[in-house]
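Asks: Have a look at this one.
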Amino acid sequence: MLYCTRKNIRAQTASQEKPQAQLKVSIQTESRKHDEILKNYETIIGIETHVQLSTLTKAFCSCPYNYGAQPNTSVCPICMGLPGALPVLNTNVIEYAVKVGIALNCKLSLSSKFDRKQYFYPDLPKGYQISQFDVPIASGGYLDVDIPIEFGGGHRRFGITRVHMEEDAGKLLHTGNGSFSQVDLNRAGVPLLEIVSEPDMRTGIEAAEYAAELQRLVRYLGVSNGNMQEGSLRCDVNISIRPIGQLEFGTKVEIKNLNSFSSMSRAIDFEISRQALLHSQGQADQIVQETRLWEEGAQKTVTMRKKEGLADYRYFPEPDLPGVSLTEEYVDGIRDSLPELPEMKRRRYEGMGLSMQDVLFLTNDNNVAEFFDATIAEGADVKLAANWIMGDIAAYMKNEKLSINEIKLNSHELVDLISSIKGGTISGKIGKEILFELMAKGGTVKGLIKEKNLVQIADPVEIEKMVDKVLADNPKQLEQYRGGKTKLQGYFAGQIMKESKGKANPALLNKILLEKLNAKS
């Protein structure tokens, strides 16, 4: 009876494991087929990025823009499109556009103009958008990107077709039941830069890294906060695929609703797979020119609207605004005022001997890079400073959801901390305790060492007394160590550190401990 029961259990377990094993094999087989299909096609990706500029007022009026403000509280006759209201250009928009154009290695148009782009939509009160058409302020540039090691590494250069200035439209607020929508015009007239890339990207990773580098660039320049969640950086991705060797582009599909770089990468990978599968099944004609939305929950793209052809926006020069004329002196003045940009900073850090992983971490946030630069400017060891910032400091900021400018630690105290550990005044363990106190409450390294009596014990006689005490208190473990269980050395070292409250010099402690442990009893 017992035997039969056990046999039945085995049979039941085997019957459960069999479908799971079959499912695993099936998934692996499908994955291989999928990879084989993708090998036959080349992906072409271009990105149109809208960057919201951080000017105090809108592009053509004196209304401020504050994200999250109550609807229709930052409006005036100009941004509402009322008859007779005339736009006046915010000159900071020109300055920011020139900064971005130079940073993207573009050729600047010393004479450009604004145009009316005409279309009808409820969130566009004037019935047209003030933009730039045939003479953008900047064109023909490029952006250099370093791909992270975990994604294959390497350096890429992506072309920039054009950079042009325009105003934003309002925003539609949809009701839950979908019976009607409301219009919020707070955003109408907010200045934007549209940055159009060449179709130079080939994978979702490349596209996401290009967009992330643009975000870094505008933040370094101080022209935008680049927050995707607030709509300050909006990317529309254009994707087509074609059989390897074919020169003609495939049918282009646009993807919207990309709220993060990881979403962008996943959306592109999904769309590439969708199009490649249709091609492989002889259904390439089902790939139509359309706009698709990325659904984060379902992890797929869905049709938003079909595009019958190119829209006729009936562009013509904006009659209410004069042309934009720049002088060489003006451009040179802005060029000279630019900060060190991410690409230049990465090359400089590489020259210091830092790994690409370290370089990418430190340059990702301009404030972190400035903190690091200030630390090494005071004489801190480059690698040690990088390790502290990337390790304990970064972990604290992540846990507390703080930026490096919000913690209480300053670069001078980090230099003092590194110096105190390197010089033997305090141990590395005590150093970490001091670091967390400095980040949370502020103060000075010297002050905390004195206040808490944290100076490292480096007197051999004092450490020897502690070693003797711990060995005397643990005769059984001492006998086991001398009997061959040498791993117990770590146990004794821990007990001595506990006895010294973490203040014993580790190197001296281990030297004396080993001598005592290996001494003939």
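Going by the structure tokens order, chains are called A, B, ..., each with residues numbered from 1, while ligands are numbered from 1 in the order shown.
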Give me the residues near range 59-73 of chain A as a PyMOL selection string, where near means some atom within 8 Å (using only C-alpha atoms) and where sequence neighbours in that chain fewer than 2 positions away do not count.
Replies: chain A and resi 56-57+75-76+78-79+87-90+93+167+184-187+189-191+230
Asks: How would the residues just chosen look if you wrote them out with N, CA, C and O atoms as an mmCIF file, in the first residue's frame?
Replies:
```cif
data_model
loop_
_atom_site.group_PDB
_atom_site.id
_atom_site.type_symbol
_atom_site.label_atom_id
_atom_site.label_comp_id
_atom_site.auth_asym_id
_atom_site.auth_seq_id
_atom_site.Cartn_x
_atom_site.Cartn_y
_atom_site.Cartn_z
ATOM 1 N N LEU A 56 11.284 81.470 -18.186
ATOM 2 C CA LEU A 56 10.368 81.918 -17.128
ATOM 3 C C LEU A 56 8.966 82.161 -17.674
ATOM 4 O O LEU A 56 7.978 81.994 -16.958
ATOM 5 N N THR A 57 8.887 82.579 -18.926
ATOM 6 C CA THR A 57 7.578 82.851 -19.543
ATOM 7 C C THR A 57 7.464 82.102 -20.864
ATOM 8 O O THR A 57 8.428 81.536 -21.362
ATOM 9 N N VAL A 75 -3.018 81.760 -18.656
ATOM 10 C CA VAL A 75 -3.441 82.061 -20.025
ATOM 11 C C VAL A 75 -3.677 83.562 -20.181
ATOM 12 O O VAL A 75 -3.905 84.276 -19.205
ATOM 13 N N CYS A 76 -3.597 84.013 -21.419
ATOM 14 C CA CYS A 76 -3.861 85.419 -21.742
ATOM 15 C C CYS A 76 -4.431 85.467 -23.157
ATOM 16 O O CYS A 76 -4.504 84.431 -23.833
ATOM 17 N N ILE A 78 -3.146 86.239 -25.894
ATOM 18 C CA ILE A 78 -2.215 85.745 -26.929
ATOM 19 C C ILE A 78 -2.222 84.222 -26.987
ATOM 20 O O ILE A 78 -2.412 83.625 -28.051
ATOM 21 N N CYS A 79 -2.041 83.546 -25.813
ATOM 22 C CA CYS A 79 -2.002 82.073 -25.876
ATOM 23 C C CYS A 79 -3.394 81.471 -26.024
ATOM 24 O O CYS A 79 -3.532 80.290 -26.365
ATOM 25 N N PRO A 87 1.774 88.307 -31.028
ATOM 26 C CA PRO A 87 2.869 87.655 -30.294
ATOM 27 C C PRO A 87 4.112 88.536 -30.228
ATOM 28 O O PRO A 87 4.400 89.302 -31.137
ATOM 29 N N VAL A 88 4.859 88.426 -29.133
ATOM 30 C CA VAL A 88 6.161 89.087 -28.985
ATOM 31 C C VAL A 88 7.159 87.997 -28.582
ATOM 32 O O VAL A 88 6.959 87.306 -27.576
ATOM 33 N N LEU A 89 8.220 87.854 -29.354
ATOM 34 C CA LEU A 89 9.154 86.744 -29.154
ATOM 35 C C LEU A 89 9.951 86.889 -27.850
ATOM 36 O O LEU A 89 10.510 87.946 -27.566
ATOM 37 N N ASN A 90 10.016 85.802 -27.095
ATOM 38 C CA ASN A 90 10.862 85.701 -25.909
ATOM 39 C C ASN A 90 12.293 85.413 -26.394
ATOM 40 O O ASN A 90 12.573 84.348 -26.944
ATOM 41 N N VAL A 93 14.323 82.133 -25.893
ATOM 42 C CA VAL A 93 14.074 80.979 -26.765
ATOM 43 C C VAL A 93 15.163 80.893 -27.834
ATOM 44 O O VAL A 93 15.699 79.809 -28.118
ATOM 45 N N GLU A 167 5.997 76.549 -30.778
ATOM 46 C CA GLU A 167 5.226 76.653 -29.536
ATOM 47 C C GLU A 167 4.440 75.369 -29.328
ATOM 48 O O GLU A 167 4.110 74.658 -30.274
ATOM 49 N N ASP A 184 -7.334 72.345 -21.562
ATOM 50 C CA ASP A 184 -6.492 73.136 -20.659
ATOM 51 C C ASP A 184 -5.443 73.844 -21.521
ATOM 52 O O ASP A 184 -4.622 73.193 -22.181
ATOM 53 N N LEU A 185 -5.474 75.172 -21.535
ATOM 54 C CA LEU A 185 -4.568 75.947 -22.394
ATOM 55 C C LEU A 185 -3.322 76.456 -21.651
ATOM 56 O O LEU A 185 -2.597 77.282 -22.184
ATOM 57 N N ASN A 186 -3.071 75.952 -20.439
ATOM 58 C CA ASN A 186 -1.865 76.381 -19.718
ATOM 59 C C ASN A 186 -0.600 76.145 -20.542
ATOM 60 O O ASN A 186 0.328 76.939 -20.520
ATOM 61 N N ARG A 187 -0.578 75.018 -21.262
ATOM 62 C CA ARG A 187 0.633 74.645 -22.007
ATOM 63 C C ARG A 187 0.719 75.334 -23.369
ATOM 64 O O ARG A 187 1.784 75.334 -24.008
ATOM 65 N N GLY A 189 1.498 77.715 -26.118
ATOM 66 C CA GLY A 189 2.472 78.794 -26.233
ATOM 67 C C GLY A 189 3.776 78.556 -25.497
ATOM 68 O O GLY A 189 4.696 79.377 -25.571
ATOM 69 N N VAL A 190 3.887 77.423 -24.785
ATOM 70 C CA VAL A 190 5.146 77.096 -24.101
ATOM 71 C C VAL A 190 6.205 76.804 -25.165
ATOM 72 O O VAL A 190 5.927 76.102 -26.145
ATOM 73 N N PRO A 191 7.427 77.341 -25.027
ATOM 74 C CA PRO A 191 8.430 77.158 -26.076
ATOM 75 C C PRO A 191 9.002 75.739 -26.133
ATOM 76 O O PRO A 191 9.292 75.131 -25.102
ATOM 77 N N GLU A 230 6.909 64.603 -16.971
ATOM 78 C CA GLU A 230 6.177 65.875 -17.039
ATOM 79 C C GLU A 230 5.932 66.310 -18.482
ATOM 80 O O GLU A 230 5.321 67.349 -18.715
#
```
Asks: For range 217-258 of chain A against range 98-103 of chain A, with a cut-off of 10 Å and counting only C-alpha atoms, what is the closest atom pair and its distance in Å to one decimal for every residue that makes the cut, ordered by chain and number, as JSON lines?
Replies:
```
{"residue": "A:Leu217", "atom": "CA", "partner": "A:Ala103", "partner_atom": "CA", "distance": 7.8}
{"residue": "A:Val218", "atom": "CA", "partner": "A:Val100", "partner_atom": "CA", "distance": 7.2}
{"residue": "A:Leu221", "atom": "CA", "partner": "A:Lys99", "partner_atom": "CA", "distance": 7.3}
{"residue": "A:Gly222", "atom": "CA", "partner": "A:Lys99", "partner_atom": "CA", "distance": 9.6}
{"residue": "A:Val223", "atom": "CA", "partner": "A:Val100", "partner_atom": "CA", "distance": 8.2}
```
Asks: I'd like the neighbourhood of Asn92 in chain A as a short mmCIF file (atom, residue, chain, number, x, y, z; two decimals) with C-alpha atoms, in the first residue's frame, where a residue qualifies if any of its atoms comes within 7 Å (using only C-alpha atoms), though same-chain residues fewer than 3 positions away should be ignored.
Replies:
```
data_model
loop_
_atom_site.label_atom_id
_atom_site.label_comp_id
_atom_site.auth_asym_id
_atom_site.auth_seq_id
_atom_site.Cartn_x
_atom_site.Cartn_y
_atom_site.Cartn_z
CA THR A 55 12.14 79.87 -19.80
CA GLU A 95 19.48 81.84 -26.93
CA TYR A 96 18.51 78.32 -25.84
#
```
Asks: Enumerate the residues of range 262-427 of chain A with a DSSP assignment of strand (DSSP E or B), computed from the backbone, and present them as JSON, numbers by chain.
Replies: {"A": [290, 291, 292, 293, 294, 295, 300, 301, 302, 303, 304, 305, 306, 316, 317, 324, 325]}
Asks: Could you please write out, as an MDAnalysis selection string, every residue of range 164-254 of chain A that DSSP assigns to helix (DSSP H, G or I)?
Replies: chainID A and resid 204:221
Asks: Take the residues just selected and output them with N, CA, C and O atoms as a short mmCIF file (atom, residue, chain, number, x, y, z; two decimals), in the first residue's frame.
Replies:
```cif
data_model
loop_
_atom_site.label_atom_id
_atom_site.label_comp_id
_atom_site.auth_asym_id
_atom_site.auth_seq_id
_atom_site.Cartn_x
_atom_site.Cartn_y
_atom_site.Cartn_z
N GLY A 204 16.60 49.05 -30.43
CA GLY A 204 15.92 49.77 -29.36
C GLY A 204 16.91 50.36 -28.36
O GLY A 204 16.69 51.46 -27.84
N ILE A 205 17.99 49.64 -28.09
CA ILE A 205 19.01 50.13 -27.15
C ILE A 205 19.65 51.40 -27.69
O ILE A 205 19.81 52.39 -26.96
N GLU A 206 20.03 51.41 -28.98
CA GLU A 206 20.65 52.60 -29.56
C GLU A 206 19.71 53.81 -29.48
O GLU A 206 20.13 54.91 -29.15
N ALA A 207 18.43 53.58 -29.77
CA ALA A 207 17.45 54.67 -29.74
C ALA A 207 17.29 55.22 -28.32
O ALA A 207 17.27 56.43 -28.10
N ALA A 208 17.19 54.31 -27.34
CA ALA A 208 17.03 54.73 -25.94
C ALA A 208 18.26 55.49 -25.45
O ALA A 208 18.14 56.49 -24.73
N GLU A 209 19.46 55.04 -25.86
CA GLU A 209 20.69 55.71 -25.42
C GLU A 209 20.84 57.08 -26.10
O GLU A 209 21.34 58.03 -25.50
N TYR A 210 20.39 57.19 -27.36
CA TYR A 210 20.38 58.48 -28.05
C TYR A 210 19.48 59.47 -27.28
O TYR A 210 19.87 60.61 -27.01
N ALA A 211 18.27 59.01 -26.92
CA ALA A 211 17.33 59.88 -26.20
C ALA A 211 17.86 60.26 -24.82
O ALA A 211 17.72 61.41 -24.38
N ALA A 212 18.50 59.30 -24.14
CA ALA A 212 19.07 59.58 -22.82
C ALA A 212 20.21 60.60 -22.92
O ALA A 212 20.36 61.46 -22.06
N GLU A 213 21.00 60.51 -24.00
CA GLU A 213 22.09 61.47 -24.19
C GLU A 213 21.54 62.87 -24.48
O GLU A 213 22.09 63.87 -24.00
N LEU A 214 20.45 62.94 -25.24
CA LEU A 214 19.80 64.25 -25.47
C LEU A 214 19.33 64.85 -24.15
O LEU A 214 19.47 66.05 -23.91
N GLN A 215 18.74 63.99 -23.30
CA GLN A 215 18.29 64.47 -21.99
C GLN A 215 19.45 65.02 -21.18
O GLN A 215 19.36 66.10 -20.58
N ARG A 216 20.58 64.28 -21.16
CA ARG A 216 21.76 64.75 -20.44
C ARG A 216 22.23 66.09 -21.00
O ARG A 216 22.58 67.01 -20.26
N LEU A 217 22.23 66.20 -22.33
CA LEU A 217 22.73 67.41 -23.00
C LEU A 217 21.93 68.64 -22.59
O LEU A 217 22.50 69.67 -22.21
N VAL A 218 20.59 68.55 -22.67
CA VAL A 218 19.78 69.74 -22.35
C VAL A 218 19.85 70.08 -20.87
O VAL A 218 19.74 71.25 -20.49
N ARG A 219 20.06 69.07 -20.03
CA ARG A 219 20.23 69.35 -18.59
C ARG A 219 21.58 70.01 -18.31
O ARG A 219 21.67 70.93 -17.51
N TYR A 220 22.64 69.53 -18.96
CA TYR A 220 23.96 70.16 -18.80
C TYR A 220 23.91 71.61 -19.25
O TYR A 220 24.51 72.49 -18.64
N LEU A 221 23.19 71.86 -20.36
CA LEU A 221 23.09 73.22 -20.90
C LEU A 221 22.19 74.12 -20.05
O LEU A 221 22.25 75.34 -20.16
#
```
Asks: Show me, as a compact mmCIF listing (two decimals) with all heavy atoms, in the first residue's frame, the residues that have an atom within 9 Å of Ile160 in chain A when counting only C-alpha atoms, minus same-chain residues fewer than 4 positions from it.
Replies:
```txt
# COMPACT_ATOMS: atom_id res chain seq x y z
N LEU A 104 24.96 70.38 -30.46
CA LEU A 104 24.70 69.25 -31.37
C LEU A 104 25.53 69.33 -32.65
O LEU A 104 25.27 68.62 -33.61
CB LEU A 104 23.21 69.18 -31.72
CG LEU A 104 22.29 68.74 -30.57
CD1 LEU A 104 20.82 68.88 -30.97
CD2 LEU A 104 22.58 67.31 -30.15
N ASN A 105 26.54 70.20 -32.63
CA ASN A 105 27.49 70.31 -33.76
C ASN A 105 26.80 70.66 -35.08
O ASN A 105 27.18 70.19 -36.15
CB ASN A 105 28.26 68.99 -33.92
CG ASN A 105 28.90 68.54 -32.63
OD1 ASN A 105 29.89 69.12 -32.18
ND2 ASN A 105 28.34 67.50 -32.00
N CYS A 106 25.75 71.48 -34.97
CA CYS A 106 24.96 71.86 -36.15
C CYS A 106 25.52 73.11 -36.83
O CYS A 106 26.28 73.88 -36.23
CB CYS A 106 23.51 72.15 -35.75
SG CYS A 106 22.57 70.71 -35.22
N SER A 139 20.85 72.97 -38.35
CA SER A 139 20.69 71.75 -39.15
C SER A 139 22.05 71.08 -39.37
O SER A 139 23.09 71.70 -39.16
CB SER A 139 20.03 72.07 -40.49
OG SER A 139 20.81 73.02 -41.20
N GLY A 140 22.00 69.82 -39.81
CA GLY A 140 23.20 69.11 -40.21
C GLY A 140 24.21 68.86 -39.11
O GLY A 140 25.41 69.08 -39.30
N GLY A 141 23.77 68.37 -37.94
CA GLY A 141 24.70 68.12 -36.84
C GLY A 141 24.82 66.64 -36.52
O GLY A 141 24.46 65.77 -37.32
N TYR A 142 25.33 66.35 -35.33
CA TYR A 142 25.44 64.96 -34.88
C TYR A 142 25.54 64.92 -33.36
O TYR A 142 25.87 65.93 -32.71
CB TYR A 142 26.65 64.26 -35.51
CG TYR A 142 27.99 64.89 -35.19
CD1 TYR A 142 28.68 64.57 -34.01
CD2 TYR A 142 28.56 65.83 -36.05
CE1 TYR A 142 29.90 65.17 -33.71
CE2 TYR A 142 29.78 66.43 -35.75
CZ TYR A 142 30.45 66.09 -34.59
OH TYR A 142 31.66 66.67 -34.28
N LEU A 143 25.27 63.73 -32.81
CA LEU A 143 25.35 63.52 -31.37
C LEU A 143 26.16 62.24 -31.12
O LEU A 143 25.84 61.19 -31.68
CB LEU A 143 23.95 63.37 -30.77
CG LEU A 143 23.86 63.16 -29.25
CD1 LEU A 143 24.34 64.40 -28.50
CD2 LEU A 143 22.43 62.82 -28.84
N ILE A 195 13.88 68.43 -32.19
CA ILE A 195 15.17 67.91 -32.66
C ILE A 195 14.89 66.65 -33.46
O ILE A 195 14.37 65.66 -32.92
CB ILE A 195 16.11 67.61 -31.47
CG1 ILE A 195 16.32 68.88 -30.64
CG2 ILE A 195 17.44 67.05 -31.97
CD1 ILE A 195 17.00 68.63 -29.30
N VAL A 196 15.21 66.69 -34.74
CA VAL A 196 14.93 65.56 -35.64
C VAL A 196 16.24 64.85 -35.97
O VAL A 196 17.18 65.46 -36.47
CB VAL A 196 14.25 66.05 -36.93
CG1 VAL A 196 13.91 64.86 -37.84
CG2 VAL A 196 12.99 66.86 -36.61
N SER A 197 16.28 63.56 -35.68
CA SER A 197 17.49 62.79 -35.96
C SER A 197 17.47 62.25 -37.38
O SER A 197 16.42 62.14 -38.01
CB SER A 197 17.64 61.62 -34.97
OG SER A 197 16.85 60.52 -35.40
N GLU A 198 18.65 61.88 -37.87
CA GLU A 198 18.74 61.08 -39.10
C GLU A 198 18.29 59.65 -38.75
O GLU A 198 18.36 59.25 -37.58
CB GLU A 198 20.18 61.07 -39.62
CG GLU A 198 20.67 62.40 -40.16
CD GLU A 198 20.02 62.76 -41.50
OE1 GLU A 198 19.86 61.86 -42.34
OE2 GLU A 198 19.65 63.93 -41.68
```
Asks: What separation in Å, quoted to one decimal, exists between CA of Leu86 in chain A and CA of Arg162 in chain A?
Replies: 27.5 Å
Asks: Mind checking which residues fall within 9 Å of Thr43 in chain A, counting only C-alpha atoms, ignoring those fewer than 5 positions away in the same chain, and posting them as an MDAnalysis selection string?
Replies: chainID A and resid 201:203 239:243 272
Asks: For CA of Asp168 in chain A and CA of Gln129 in chain A, quote the distance in Å rounded to one decimal.
Replies: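 Going from CA of Asp168 in chain A over to CA of Gln129 in chain A covers 7.8 Å.
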Asks: From the options A:Ser179, A:Asn410, A:Asn40, A:Ser260, which residue's atoms come nearest to Asn227 in chain A, counting only C-alpha atoms?
Replies: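 Result for the nearest residue to Asn227 in chain A: A:Ser260.
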Asks: Between A:Glu254, A:Asp134, A:Asp35, A:Asp115, which is the closest to Val288 in chain A once you count only C-alpha atoms?
Replies: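 Once distances to Val288 in chain A are computed over only C-alpha atoms, the minimum belongs to A:Glu254.
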Asks: How many Å lie between CA of Met497 in chain A and CA of Leu435 in chain A, rounded to one decimal?
Replies: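 Atom-to-atom, CA of Met497 in chain A to CA of Leu435 in chain A, that is 19.2 Å.
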Asks: Can you list, as a ChimeraX atom specification, every protein, DNA or RNA residue that comes within 9 Å of range 459-467 of chain A when you count only C-alpha atoms, leaving out same-chain residues fewer than 6 positions away?
Replies: /A:492-493,495-496,499-500,504-505,508-509,512-513,516
Asks: I want to know what sits within 12 Å of Glu400 in chain A, based on only C-alpha atoms, with residues of the same chain fewer than 6 positions away left out; could you give that as a list of chain:residue names?
Replies: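 My reading of the contact set: A:Ile393, A:Ala394, A:Glu406, A:Ile407, A:Phe436, A:Met439, A:Ala440.
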Asks: Between A:Gly231, A:Gly245, A:Pro125, A:Gly226, which has the minimum distance to Val183 in chain A (counting only C-alpha atoms)?
Replies: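 Looking at the shortest contact to Val183 in chain A, the residue is A:Pro125.
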